[in-house]
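The structure under discussion appears below in the form of structure tokens.
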4 protein chains.
Amino acid sequence: MSSNQGLKNKGKTRADMDERRRAVEESTGVHLEHSGGCTFDPLLAEKNVENMIGCTQVPLGFVGPLRVRGDHADGEFLVPLATTEGALLASVNRGTSIVTSCGGAEVVIIKDEMTRAPVFRTGGVRQARQVVEWVNEHFEEIKAAAEATTRHGRLLKIRAFASGRSLFLRFSYDTGDAMGMNMATIATEAASRLIEERTEARMVSVSGNMCVDKKPAALNFIEGRGKIVLADVRIPEAVVRDRLHATPGAMVEACYRKNLVGSALSLCYGSNAHAANMLAALFIATGQDAAQVVEGSMASTTCELCEEGVYISVRLPCLEVGTVGGGTRLPCQSEALSMMGCLGTGKAKKLAEIAGALVLAGELSTLAAQAAGELGRAHRELGR
Amino acid sequence: MSSNQGLKNKGKTRADMDERRRAVEESTGVHLEHSGGCTFDPLLAEKNVENMIGCTQVPLGFVGPLRVRGDHADGEFLVPLATTEGALLASVNRGTSIVTSCGGAEVVIIKDEMTRAPVFRTGGVRQARQVVEWVNEHFEEIKAAAEATTRHGRLLKIRAFASGRSLFLRFSYDTGDAMGMNMATIATEAASRLIEERTEARMVSVSGNMCVDKKPAALNFIEGRGKIVLADVRIPEAVVRDRLHATPGAMVEACYRKNLVGSALSLCYGSNAHAANMLAALFIATGQDAAQVVEGSMASTTCELCEEGVYISVRLPCLEVGTVGGGTRLPCQSEALSMMGCLGTGKAKKLAEIAGALVLAGELSTLAAQAAGELGRAHRELGR
Amino acid sequence: MSSNQGLKNKGKTRADMDERRRAVEESTGVHLEHSGGCTFDPLLAEKNVENMIGCTQVPLGFVGPLRVRGDHADGEFLVPLATTEGALLASVNRGTSIVTSCGGAEVVIIKDEMTRAPVFRTGGVRQARQVVEWVNEHFEEIKAAAEATTRHGRLLKIRAFASGRSLFLRFSYDTGDAMGMNMATIATEAASRLIEERTEARMVSVSGNMCVDKKPAALNFIEGRGKIVLADVRIPEAVVRDRLHATPGAMVEACYRKNLVGSALSLCYGSNAHAANMLAALFIATGQDAAQVVEGSMASTTCELCEEGVYISVRLPCLEVGTVGGGTRLPCQSEALSMMGCLGTGKAKKLAEIAGALVLAGELSTLAAQAAGELGRAHRELGR
Amino acid sequence: MSSNQGLKNKGKTRADMDERRRAVEESTGVHLEHSGGCTFDPLLAEKNVENMIGCTQVPLGFVGPLRVRGDHADGEFLVPLATTEGALLASVNRGTSIVTSCGGAEVVIIKDEMTRAPVFRTGGVRQARQVVEWVNEHFEEIKAAAEATTRHGRLLKIRAFASGRSLFLRFSYDTGDAMGMNMATIATEAASRLIEERTEARMVSVSGNMCVDKKPAALNFIEGRGKIVLADVRIPEAVVRDRLHATPGAMVEACYRKNLVGSALSLCYGSNAHAANMLAALFIATGQDAAQVVEGSMASTTCELCEEGVYISVRLPCLEVGTVGGGTRLPCQSEALSMMGCLGTGKAKKLAEIAGALVLAGELSTLAAQAAGELGRAHRELGR
């Protein structure tokens with residue numbers, strides 16, 4: 001009846017949204033009081049969701065100021081984070097404070113490519129090689145076909161992987177300030193049609209899982225996807241002792257046994273303490289694709305003794321972020337980006353550098369906490 | 001100044017929140033109009049976030065009704081999903097509709113354990129073996145120490161991994177309806193203190209990255225973490241043709257070349273189309289830990305020809321969800337859980353089964369879309 | 001002709017071997033002078049090879065004496081190694097000498113199981129769970145069926161892994177002093193027939209690649225296959241300086257950057273310098289299955305500063321060796337086993353412990369060489 | 001005494017060898033009758049082993065004729081295999097016979113590079129990027145330094161990977177017909193000295209485990225090491241039925257559940273039945289480095305229905321073989337290479353193609369045997 005009708009309403013206005021929510025309420029017997037509390041016109045979200053019934057309100061806090069010394073982000077930032085995990089922001093904020101007081105995090109981006117890899121069927125290995133040769137020889141033509149579909153995307157290269165009759169072509173794009181997955185998909189479809197017209201290869205799926213989107217994959221870890229970001233900072237021994245209540249040696253040992261030996265034994269892709277936490281909270285706050293925390297989680301954290309005290313670094317091989325398109329245009333999300341001066345064109349690398357520094361701060365704080373935990377025990381033991 | 005003062009306010013009331021937000025606005029020059037639009041008393045989120053300045057509103061929709069044939073979830077459900085990725089809900093909803101019309105998804109849970117693995121330092125391999133022997137011989141005593149810290153958690157087993165002077169003890173718990181990470185951590189700390197008192201081992205970190213929380217790890221993929229959930233459904237050939245616009249053969253080939261061959265070549269942990277998408281949207285809507293989408297993403301999807309048409313299944317080795325604690329008690333999030341009758345005690349397995357069916361529906365729809373893409377091209381080619 | 005006839009001769013005597021070799025010589029135009037030089041009666045190899053035309057002579061050397069402090073091997077051993085890689089034995093021998101002079105290598109075996117995992121087809125996930133329940137409930141019956149095929153093998157446990165319609169049952173055996181792969185296969189076939197008779201499951205292959213034989217697999221790395229062996233030794237600083245021409249710090253750094261950070265970035269299964277070298281040479285010399293060097297190569301080597309100087313350890317998760325059956329009964333190979341008192345019944349664990357100590361010695365020497373390389377450069381720089 | 005003296009003899013002549021062996025005999029009390037039976041002058045092995053006491057005789061057989069349709073190997077070959085595993089050659093020979101009768105194996109080589117990757121220490125991530133920029137800008141100079149050390153090697157490219165203070169430079173070489181590991185090491189050391197002189201980077205180890213030699217690594221699987229070889233063949237249904245006693249459907253299912261689903265669940269690098277078996281036997285027979293079976297084992301085998309019956313393929317991402325240098329110059333080993341016309345200059349790719357076809361034949365036979373096993377059971381069931 002009215003419930004059913006409301007459930008089937010596909011409209012995008014606030015009235016549609018409200019009708020749908022009431023239908024859901026009727027169908028489930030649950031009053032969706034807070035879920036209905038959307039402060040903006042639902043039409044603004046028409047490209048972000050279907051069957052909208054309201055909004056999930058995720059608690060939003062901030063950490064900072066965080067001093068970042070990047071090529072695109074150079075200054076101090078307040079970083080918005082949306083989470084439901086208590087103590088996370090307190091911990092990251094401690095790390096942020098330390099990083100800033102030590103002069104900030106050095107951050108560099110060493111690669112920036114978004115990828116899409118269709119899979120084709122060929123007649124066999126010899127034909128596969130011929131197709132690959134054709135692709136290599138006609139790269140400019142393929143590039144033109146791909147780029148005809150996009151104003152911002154540029155096709156950078158195509159890498160081929162063949163196994164039996166399956167041929168994978170991994171297309172790499174510069175997607176400007178967009179995360180770029182949709183752009184890459186559309187461009188790759190156009191390019192693939194050309195390849196199908198001119199070779200014997202037949203596309204089986206526009207995504208052949210060598211892209212690799214939202215799955216933890218060695219290929220991404222090694223080749224990078226989105227931005228490869230490196231960050232580091234040196235913490236003087238006095239700061240480690242006085243503000244982190246640990247020793248450089250204890251921090252280095254915790255990182256070694258946990259991030260290096262432990263991650264090696266559990267066969268992790270990446271070796272970090274909790275990079276996914278910082279990324280998930282930042283991604284939700286700023287309208288990134290939350291499922292891409294998967295790739296983001298493959299960070300590698302190292303911690304070494306240095307002259308000053310402790311050297312700590314993170315390597316993020318797959319930071320897939322954008323400052324235009326997707327969820328970034330939603331009201332709360334664009335406010336969050338604006339807080340860091342990261343909304344819109346020309347800002348994606350700046351956001352990536354801040355993200356790198358953020359992860360560094362979070363790793364620092366957690367490793368220190370674990371190292372101090374051991375110290376605490378030592379104190380208890382010594383005090384007996 | 002007032003800005004600085006506001007930034008340092010650590011209070012939890014709405015007035016504190018508002019002052020902080022104004023300080024952030026002043027500091028950044030950005031008006032946080034929508035971010036401030038929190039419909040509930042911020043004190044309700046005091047255990048979920050620090051430095052709260054408001055809420056991120058994530059568009060919320062639903063899919064369903066989804067027919068689930070589990071041991072804990074048996075019926076039809078409307079499933080709330082929060083996302084900013086356009087077209088996701090439309091696609092999942094198509095899958096949901098197909099699954100339901102084919103009688104629903106069979107779902108079984110085959111394991112349910114939450115883990116925490118501290119790393120200890122020992123004197124060497126022979127001492128490590130002695131410690132492990134001691135742990136095995138004193139399991140009941142250790143269990144008592146661990147369980148003294150929790151009303152709901154039960155220690156199920158301890159697995160040891162040693163390499164050189166690093167000894168990892170992976171504690172597995174039944175954590176009831178909580179996701180259980182905090183419970184497991186606190187219990188493990190207590191157990192570890194006992195082990196330190198009675199053996200030569202010294203704890204270096206309460207998490208030794210063999211837990212493995214929020215990192216993609218083979219250990220989790222193989223052993224499971226949280227709930228191991230299996231789901232499947234059979235789709236008659238007529239449904240595949242008429243409603244998915246594909247053929248069983250094309251679907252099976254797309255799954256084979258993409259999920260099997262492609263994932264094998266990119267060395268994915270798991271072999272699925274986009275499981276992380278469904279999980280991220282469900283996790284945000286229902287107050288789960290969004291960073292645990294990382295483990296959730298390691299799903300394996302298979303698609304085979306069967307008598308009826310197509311058989312499709314998913315295996316989720318690490319579904320870490322709870323229906324009490326964490327973000328589940330927040331207003332929007334508890335409304336979302338209530339929509340499925342999944343709020344509170346005795347509901348975690350029900351939620352896990354619905355999640356399994358949801359992922360199955362999403363995988364079905366995406367694989368069919370890719371297979372139909374190929375069909376579409378075939379039609380164009382035939383039509384020339 | 002006679003050539004063709006000789007090629008098809010399937011006999012096992014020396015005359016047959018010689019005729020075949022002459023036929024090969026005629027067919028290929030190559031005089032197989034040295035290949036024909038087999039010192040023993042070819043009938044002794046009738047269970048080890050078909051189409052025999054002679055023997056490949058692999059240069060055989062030895063290292064030692066190697067002091068081993070194991071539970072089964074306790075004493076000094078001369079270890080036979082067959083290789084064609086120059087400098088390998090010289091390097092390993094240096095490590096052997098150091099280990100021995102430092103009191104020997106502590107070695108412990110912490111697990112010992114051989115596995116075989118058939119894959120079955122079931123009707124789906126619910127049926128798969130029923131089959132697993134049946135298997136668990138009838139373990140004793142299955143065990144009886146399996147053990148009826150073998151005098152020495154004992155079925156220890158069965159682990160189930162299900163994904164869609166594929167059900168894998170990983171059978172673990174104690175295989176005594178045999179490497180045990182054949183024994184495990186035959187016993188598992190018998191057990192599987194029982195499972196097929198009593199359940200709906202149908203075996204598709206007696207090996208479902210969850211065994212996992214001769215492929216590098218996370219499952220083996222984590223669960224172990226064959227023997228899990230740990231070994232370590234402490235080298236005083238003076239020995240590091242005087243005999244290895246390195247410093248403890250340089251050795252630890254080389255191990256850290258190479259074995260830990262490097263292996264983590266290349267996503268190795270294991271983190272060692274060259275464990276496969278020692279194992280390949282030992283396996284060929286002693287009649288082990290050379291293809292099982294694959295699993296053996298997944299060793300983890302750690303190197304840490306300790307009070308004395310340097311602590312170094314290896315973890316071999318999959319050491320698959322035997323002292324009866326297979327190639328161990330061949331003349332040269334049994335002589336090599338005898339050199340270590342490792343021929344025949346009751347000796348497999350002894351051999352495994354010696355192998356663990358051997359790998360430790362080889363790792364020690366190579367890491368020191370690399371660290372000394374750096375020292376050498378430092379000297380040049382200081383000398384300028 | 002004399003025993004001890006003999007053990008310490010480092011000479012290379014037959015007299016030295018005999019003295020050493022007698023010393024070992026005296027020391028161990030074992031008569032090394034067959035081990036001493038070396039048919040060639042030990043001086044010929046002086047670059048292949050130290051402390052030589054004789055030879056291990058490994059039973060040598062052959063399979064074939066094997067029809068290969070490669071770019072370098074085009075014709076029928078008798079392939080020498082040295083093993084101690086009974087039934088292996090019989091099975092491979094069956095596959096060889098089928099492949100040949102179906103017109104032979106298509107084989108293509110799509111990449112050919114040997115790698116060595118030193119690890120350097122830098123001051124941090126920003127300096128690491130500067131070093132990488134310097135390396136890229138001075139590639140020609142570095143290439144000249146590297147190639148000054150070798151007559152045959154050519155430096156093709158350098159790939160950089162940085163994490164914190166660890167900087168890895170993966171050098172890729174064309175090493176002609178040598179396997180090339182030593183050549184690559186020496187050239188890389190020279191190049192690294194130049195980099196140290198001109199940048200702030202300091203080499204910590206000439207091998208940083210991103211090479212990756214003799215360890216199973218995702219980096220190698222994805223990038224290839226040595227030769228990437230693809231091979232395939234189509235087997236008509238009648239041949240599958242009459243000579244393999246299986247059906248195409250059963251073969252495809254066995255490959256699917258075992259090689260694809262099973263390998264995915266056990267997280268194998270590669271997805272094959274027993275590629276390591278064929279490679280180990282070929283490597284020992286022809287003087288390759290047996291420890292490099294580790295990389296070779298990461299093969300991917302696919303099996304699909306095709307018009308004719310069954311299509312089967314293998315992908316070998318890391319086939320590291322040479323026809324000059326190393327063990328290839330030993331008497332038996334060079335005879336074995338000569339059997340295939342693969343001894344010496346200009347033959348390494350030919351050998352690689354034969355190896356690809358050989359692995360294909362072995363995979364075909366084993367998969368068919370497993371599929372027939374199922375058929376056999378079906379027959380028994382039908383016959384009841």
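Each chain of the structure tokens is named A, B, ... in the order shown, its residues numbered from 1; ligands are numbered from 1 in display order.
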
Considering only C-alpha atoms, give me a table of residues in chain D that are at most 10 Å from chain B, with the closest atom pair and distance in Å for each, as CSV.
```
residue,atom,partner,partner_atom,distance
D:Ala218,CA,B:Leu267,CA,7.3
D:Phe221,CA,B:Leu265,CA,8.1
D:Ile222,CA,B:Ser266,CA,7.3
D:Tyr256,CA,B:Tyr256,CA,8.8
D:Asn259,CA,B:Leu260,CA,9.7
D:Leu260,CA,B:Leu260,CA,6.0
D:Val261,CA,B:Leu260,CA,7.2
D:Ser263,CA,B:Ala264,CA,8.3
D:Ala264,CA,B:Ala264,CA,6.7
D:Leu265,CA,B:Ile222,CA,7.3
D:Ser266,CA,B:Ile222,CA,7.3
D:Leu267,CA,B:Tyr269,CA,7.2
D:Cys268,CA,B:Ala264,CA,8.5
D:Tyr269,CA,B:Leu267,CA,7.2
D:Gly270,CA,B:Ala264,CA,7.1
D:Ser271,CA,B:Ala264,CA,7.6
D:Ser300,CA,B:Leu265,CA,8.4
D:Thr301,CA,B:Val261,CA,9.7
D:Thr302,CA,B:Val261,CA,8.3
```

- [ ] Go through stretch 77-167 of chain C and collect every residue that DSSP, computed from the backbone, puts in strand (DSSP E); the answer should be as an MDAnalysis selection string.
- [x] chainID C and resid 77:82 105:116 119:121 154:163 166:167

Next, write the just-selected residues to a file, as a short mmCIF file (atom, residue, chain, number, x, y, z; two decimals), in the first residue's frame, keeping N, CA, C and O atoms as the atom set.
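That gives us result34.cif:
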```
data_model
loop_
_atom_site.label_atom_id
_atom_site.label_comp_id
_atom_site.auth_asym_id
_atom_site.auth_seq_id
_atom_site.Cartn_x
_atom_site.Cartn_y
_atom_site.Cartn_z
N PHE C 77 78.50 -32.19 13.74
CA PHE C 77 78.19 -32.91 12.52
C PHE C 77 78.94 -32.34 11.32
O PHE C 77 79.13 -31.12 11.21
N LEU C 78 79.34 -33.26 10.44
CA LEU C 78 79.80 -32.86 9.11
C LEU C 78 78.58 -32.96 8.19
O LEU C 78 77.96 -34.01 8.12
N VAL C 79 78.27 -31.87 7.52
CA VAL C 79 77.02 -31.82 6.76
C VAL C 79 77.32 -31.85 5.26
O VAL C 79 78.00 -30.97 4.75
N PRO C 80 76.82 -32.86 4.55
CA PRO C 80 77.06 -32.98 3.11
C PRO C 80 76.16 -32.04 2.32
O PRO C 80 74.96 -31.95 2.61
N LEU C 81 76.72 -31.37 1.35
CA LEU C 81 75.95 -30.44 0.52
C LEU C 81 76.32 -30.64 -0.95
O LEU C 81 77.50 -30.66 -1.29
N ALA C 82 75.32 -30.78 -1.80
CA ALA C 82 75.55 -30.96 -3.24
C ALA C 82 75.06 -29.72 -3.97
O ALA C 82 73.88 -29.35 -3.85
N ALA C 105 74.29 -24.21 17.85
CA ALA C 105 72.96 -23.64 17.61
C ALA C 105 71.93 -24.36 18.46
O ALA C 105 71.85 -25.59 18.44
N GLU C 106 71.15 -23.59 19.20
CA GLU C 106 69.97 -24.15 19.86
C GLU C 106 68.92 -24.41 18.79
O GLU C 106 68.65 -23.53 17.96
N VAL C 107 68.32 -25.59 18.81
CA VAL C 107 67.30 -25.90 17.81
C VAL C 107 66.12 -26.59 18.48
O VAL C 107 66.31 -27.51 19.29
N VAL C 108 64.93 -26.12 18.17
CA VAL C 108 63.73 -26.81 18.67
C VAL C 108 62.74 -27.03 17.51
O VAL C 108 62.66 -26.23 16.59
N ILE C 109 62.04 -28.14 17.59
CA ILE C 109 60.97 -28.45 16.63
C ILE C 109 59.66 -28.23 17.37
O ILE C 109 59.47 -28.79 18.45
N ILE C 110 58.78 -27.41 16.81
CA ILE C 110 57.56 -27.13 17.57
C ILE C 110 56.30 -27.69 16.93
O ILE C 110 55.21 -27.55 17.49
N LYS C 111 56.43 -28.31 15.78
CA LYS C 111 55.27 -28.94 15.17
C LYS C 111 55.79 -29.91 14.13
O LYS C 111 56.87 -29.70 13.56
N ASP C 112 55.02 -30.96 13.84
CA ASP C 112 55.48 -31.95 12.87
C ASP C 112 54.26 -32.64 12.26
O ASP C 112 53.72 -33.56 12.85
N GLU C 113 53.85 -32.16 11.11
CA GLU C 113 52.66 -32.72 10.46
C GLU C 113 52.82 -32.66 8.94
O GLU C 113 53.28 -31.65 8.42
N MET C 114 52.37 -33.69 8.28
CA MET C 114 52.32 -33.65 6.82
C MET C 114 50.85 -33.58 6.41
O MET C 114 50.00 -34.23 7.04
N THR C 115 50.55 -32.81 5.38
CA THR C 115 49.16 -32.55 5.06
C THR C 115 48.81 -32.91 3.61
O THR C 115 49.66 -32.90 2.72
N ARG C 116 47.56 -33.22 3.41
CA ARG C 116 46.99 -33.44 2.07
C ARG C 116 45.55 -32.96 2.14
O ARG C 116 44.84 -33.27 3.09
N VAL C 119 39.79 -31.59 -2.56
CA VAL C 119 38.67 -30.66 -2.73
C VAL C 119 37.44 -31.45 -3.17
O VAL C 119 37.52 -32.31 -4.04
N PHE C 120 36.32 -31.15 -2.52
CA PHE C 120 35.05 -31.79 -2.82
C PHE C 120 34.08 -30.76 -3.41
O PHE C 120 34.19 -29.57 -3.15
N ARG C 121 33.12 -31.25 -4.18
CA ARG C 121 32.00 -30.42 -4.62
C ARG C 121 30.80 -30.74 -3.74
O ARG C 121 30.48 -31.91 -3.50
N ARG C 154 49.67 -41.62 11.09
CA ARG C 154 48.56 -41.44 12.01
C ARG C 154 47.86 -40.13 11.65
O ARG C 154 48.51 -39.10 11.52
N LEU C 155 46.56 -40.21 11.49
CA LEU C 155 45.79 -39.00 11.18
C LEU C 155 45.61 -38.19 12.45
O LEU C 155 45.05 -38.68 13.43
N LEU C 156 46.04 -36.95 12.43
CA LEU C 156 45.99 -36.12 13.63
C LEU C 156 44.76 -35.22 13.67
O LEU C 156 44.15 -35.05 14.71
N LYS C 157 44.42 -34.65 12.53
CA LYS C 157 43.24 -33.78 12.50
C LYS C 157 42.85 -33.47 11.07
O LYS C 157 43.60 -33.73 10.13
N ILE C 158 41.65 -32.91 10.94
CA ILE C 158 41.13 -32.50 9.64
C ILE C 158 40.61 -31.08 9.80
O ILE C 158 39.80 -30.82 10.69
N ARG C 159 41.09 -30.20 8.97
CA ARG C 159 40.57 -28.82 9.00
C ARG C 159 39.78 -28.56 7.74
O ARG C 159 40.23 -28.87 6.64
N ALA C 160 38.62 -27.93 7.90
CA ALA C 160 37.75 -27.67 6.75
C ALA C 160 37.80 -26.21 6.34
O ALA C 160 37.84 -25.31 7.18
N PHE C 161 37.79 -25.99 5.04
CA PHE C 161 37.66 -24.65 4.46
C PHE C 161 36.63 -24.75 3.34
O PHE C 161 36.78 -25.57 2.44
N ALA C 162 35.60 -23.92 3.41
CA ALA C 162 34.57 -23.97 2.38
C ALA C 162 34.44 -22.63 1.70
O ALA C 162 34.55 -21.58 2.34
N SER C 163 34.22 -22.66 0.40
CA SER C 163 33.92 -21.45 -0.36
C SER C 163 32.96 -21.86 -1.45
O SER C 163 33.33 -22.61 -2.36
N SER C 166 32.82 -25.43 -3.25
CA SER C 166 34.11 -26.10 -3.06
C SER C 166 34.38 -26.28 -1.57
O SER C 166 34.38 -25.31 -0.82
N LEU C 167 34.60 -27.52 -1.19
CA LEU C 167 34.91 -27.82 0.20
C LEU C 167 36.27 -28.50 0.26
O LEU C 167 36.49 -29.54 -0.36
#
```

Task: Atom pair atom CA of D:Val314 / atom CA of C:Lys10: separation (Å) - done: 29.0 Å

- [ ] Using only C-alpha atoms, determine which residues lie at most 6 Å from stretch 54-58 of chain A, disregarding the query and same-chain residues fewer than 5 positions distant; provide the list as JSON, numbers by chain.
- [x] {"A": [35, 36, 38, 82], "B": [55, 56, 57, 58, 59, 60, 285, 332]}

Residue selection dump (all heavy atoms) as an mmCIF file, in the first residue's frame:
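Heads up, here's the output in selection-v2.cif:
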```
data_model
loop_
_atom_site.group_PDB
_atom_site.id
_atom_site.type_symbol
_atom_site.label_atom_id
_atom_site.label_comp_id
_atom_site.auth_asym_id
_atom_site.auth_seq_id
_atom_site.Cartn_x
_atom_site.Cartn_y
_atom_site.Cartn_z
ATOM 1 N N SER A 35 17.685 9.910 11.848
ATOM 2 C CA SER A 35 18.097 9.616 10.474
ATOM 3 C C SER A 35 17.464 10.589 9.492
ATOM 4 O O SER A 35 18.016 10.867 8.423
ATOM 5 C CB SER A 35 17.699 8.183 10.097
ATOM 6 O OG SER A 35 18.297 7.267 10.996
ATOM 7 N N GLY A 36 16.294 11.105 9.859
ATOM 8 C CA GLY A 36 15.625 12.042 8.958
ATOM 9 C C GLY A 36 16.178 13.452 9.028
ATOM 10 O O GLY A 36 15.814 14.309 8.218
ATOM 11 N N CYS A 38 18.252 15.723 8.046
ATOM 12 C CA CYS A 38 19.207 16.165 7.018
ATOM 13 C C CYS A 38 19.114 17.686 6.872
ATOM 14 O O CYS A 38 18.051 18.214 6.570
ATOM 15 C CB CYS A 38 18.828 15.461 5.723
ATOM 16 S SG CYS A 38 19.781 15.951 4.312
ATOM 17 N N ALA A 82 35.862 12.148 11.206
ATOM 18 C CA ALA A 82 34.545 11.637 11.598
ATOM 19 C C ALA A 82 34.679 10.177 11.992
ATOM 20 O O ALA A 82 35.139 9.356 11.191
ATOM 21 C CB ALA A 82 33.553 11.784 10.444
ATOM 22 N N CYS B 55 28.607 16.974 13.344
ATOM 23 C CA CYS B 55 28.463 15.659 12.718
ATOM 24 C C CYS B 55 28.669 15.765 11.219
ATOM 25 O O CYS B 55 28.299 16.768 10.612
ATOM 26 C CB CYS B 55 27.053 15.094 12.957
ATOM 27 S SG CYS B 55 26.803 14.455 14.622
ATOM 28 N N THR B 56 29.238 14.743 10.654
ATOM 29 C CA THR B 56 29.251 14.613 9.198
ATOM 30 C C THR B 56 27.969 13.891 8.807
ATOM 31 O O THR B 56 27.678 12.812 9.328
ATOM 32 C CB THR B 56 30.465 13.800 8.739
ATOM 33 O OG1 THR B 56 31.651 14.495 9.124
ATOM 34 C CG2 THR B 56 30.439 13.607 7.226
ATOM 35 N N GLN B 57 27.208 14.502 7.923
ATOM 36 C CA GLN B 57 25.982 13.862 7.464
ATOM 37 C C GLN B 57 26.291 13.056 6.195
ATOM 38 O O GLN B 57 26.638 13.622 5.169
ATOM 39 C CB GLN B 57 24.923 14.916 7.164
ATOM 40 C CG GLN B 57 24.504 15.714 8.408
ATOM 41 C CD GLN B 57 23.576 16.851 8.079
ATOM 42 O OE1 GLN B 57 22.610 16.678 7.323
ATOM 43 N NE2 GLN B 57 23.858 18.030 8.615
ATOM 44 N N VAL B 58 26.162 11.759 6.326
ATOM 45 C CA VAL B 58 26.415 10.880 5.185
ATOM 46 C C VAL B 58 25.071 10.426 4.624
ATOM 47 O O VAL B 58 24.242 9.890 5.367
ATOM 48 C CB VAL B 58 27.246 9.651 5.608
ATOM 49 C CG1 VAL B 58 27.560 8.784 4.401
ATOM 50 C CG2 VAL B 58 28.526 10.078 6.312
ATOM 51 N N PRO B 59 24.803 10.661 3.336
ATOM 52 C CA PRO B 59 23.512 10.283 2.758
ATOM 53 C C PRO B 59 23.164 8.827 3.062
ATOM 54 O O PRO B 59 24.005 7.925 2.902
ATOM 55 C CB PRO B 59 23.717 10.514 1.266
ATOM 56 C CG PRO B 59 24.736 11.595 1.202
ATOM 57 C CD PRO B 59 25.661 11.327 2.355
ATOM 58 N N LEU B 60 21.936 8.646 3.492
ATOM 59 C CA LEU B 60 21.478 7.324 3.919
ATOM 60 C C LEU B 60 20.323 6.870 3.029
ATOM 61 O O LEU B 60 19.340 7.600 2.859
ATOM 62 C CB LEU B 60 20.989 7.400 5.375
ATOM 63 C CG LEU B 60 20.351 6.127 5.954
ATOM 64 C CD1 LEU B 60 21.399 5.047 6.154
ATOM 65 C CD2 LEU B 60 19.640 6.436 7.270
ATOM 66 N N ALA B 285 26.354 3.152 8.246
ATOM 67 C CA ALA B 285 24.950 3.315 8.634
ATOM 68 C C ALA B 285 24.666 2.750 10.025
ATOM 69 O O ALA B 285 23.855 3.293 10.769
ATOM 70 C CB ALA B 285 24.042 2.650 7.610
ATOM 71 N N CYS B 332 21.312 7.845 15.120
ATOM 72 C CA CYS B 332 21.030 7.389 13.752
ATOM 73 C C CYS B 332 21.398 5.924 13.591
ATOM 74 O O CYS B 332 20.681 5.147 12.959
ATOM 75 C CB CYS B 332 21.833 8.209 12.745
ATOM 76 S SG CYS B 332 21.391 9.943 12.697
#
```

Task: Close residues, A:Trp134 itself excluded, 12 Å, only C-alpha atoms, min 2 positions apart in chain, as a PyMOL selection string - done: chain A and resi 127-132+136-142+158+160+194-201

- [ ] With a distance cut-off of 7 Å and only C-alpha atoms, select the neighbouring residues of stretch 290-297 of chain C, excluding the residue or stretch itself and same-chain residues fewer than 3 positions from it, and output the selection as a count of residues only.
- [x] 20

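Excluding D:Ala178 itself and same-chain residues fewer than 2 positions from it, the residues having an atom within 6 Å of it are Thr175, Gly176, Gly180, Gly322 and Val324 of chain D, counting only C-alpha atoms.
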
Open item on the list: Among stretch 262-311 of chain A, which residues does DSSP mark as alpha helix (DSSP H) when it is run on the backbone? Keep the chain and numbering as in the structure and answer as a ChimeraX atom specification.
Closed with: /A:263-265,275-286,293-296

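Between atom CA of A:Lys227 and atom CA of A:Glu363 there is a distance of 19.2 Å.
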
- [ ] Could you check which of B:Lys8, B:Pro248, B:Gly262, B:Ile354 is closest to A:Val206, using only C-alpha atoms?
- [x] B:Gly262

- [ ] Can you pull out every residue within 8 Å of D:Glu237, counting only C-alpha atoms, but drop anything in the same chain fewer than 6 positions away, and send it as a PyMOL selection string?
- [x] chain D and resi 247-248+308-310
